[in-house]
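J.: Following this message is one structure expressed as structure tokens.
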Amino acid sequence: MTGHAEAILITGVYGVGKSTVTGQLADLLEAAGIRYAALDLDWLSWAWVEDAGDDPVDALMLEHLALLVDNLRRRGNDRFVLAGAVMTTAELAAIRDTLDMPVRVVRLTAPLETVHRRLANEPTTGRDEDRRRTDAWLASDDDAMPAADLVIANMGSIPATAEAVLAWTGWLEGDPTVDPEDDAAVGT
């Protein structure tokens, strides 16, 4: 295994751009020669499971996450970018317990009208359910949401958002940490 492994979790409501920003982060990390893995948490549990039940924490996703990260770490990967709509502190705690590394949380934001427009342009019928879940999430108590280490508005270009996140991680040698006071798009 490599040395110190770290993860960032890109989270936010459905349609805010988590997967798109994560894809751009993967491109930037690859171009920089960083040993990384980008994992979309939704895809780790997109399967029929007989005993899924009503558990608010997705056990199948956690099982797959543990297996993938362990396998990737044995192969030298030490930076992990996770994308997922993690809505509760219990979900975040379960992800942190599954990973044997620090996990910092980046919450992407966008105006509700923008999120609805993005979800309306998606070809799958599941996006209607995502829109309903987004509305419910935004109407819920903010105290139930996991605390974010960085909150960034995903309203500009995807490369600019990804570059701001990457700079904040400090994963590139010589990259300064983004100071939220110096960038109007970034805040904690």
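Within each chain, counting starts at residue 1; across the structure tokens, chains are named A, B, ... in the order shown, with ligands numbered 1 upward in that order.
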Can you list, as a PyMOL selection string, every protein, DNA or RNA residue that comes within 12 Å of Ser157 in chain A when you count only C-alpha atoms, leaving out same-chain residues fewer than 3 positions away?

T.: chain A and resi 17+20-21+24+153-154+160-164+185

J.: For range 83-130 of chain A versus range 56-74 of chain A, which residues have an atom no more than 7 Å away, and what is each residue's nearest atom pair and distance in Å rounded to one decimal, using only C-alpha atoms, chain-then-number order, as a tab-separated table?

T.:
residue	atom	partner	partner_atom	distance
A:Glu91	CA	A:Val57	CA	5.4
A:Ile95	CA	A:Leu62	CA	6.7
A:Thr98	CA	A:Ala66	CA	6.0
A:Leu99	CA	A:Ala66	CA	6.6

J.: Using CA of Phe80 in chain A and CA of Ala37 in chain A as the two end points, give the distance in Å to one decimal.

T.: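 Computing it gives 5.0 Å between the two atoms.
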
J.: What is the distance between CA of Tyr14 in chain A and CA of Gly170 in chain A, in Å to one decimal?

T.: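 Between these atoms lies a distance of 26.8 Å.
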
J.: What does the structure give for the distance between CA of Ala31 in chain A and CA of Val13 in chain A, in Å to one decimal?

T.: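 A separation of 28.4 Å between them.
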
J.: If we count only C-alpha atoms and set the cut-off at 8 Å, which residues sit around Met101 in chain A, ignoring sequence neighbours fewer than 4 positions away in its own chain? Please answer as a count of residues only.

T.: 5
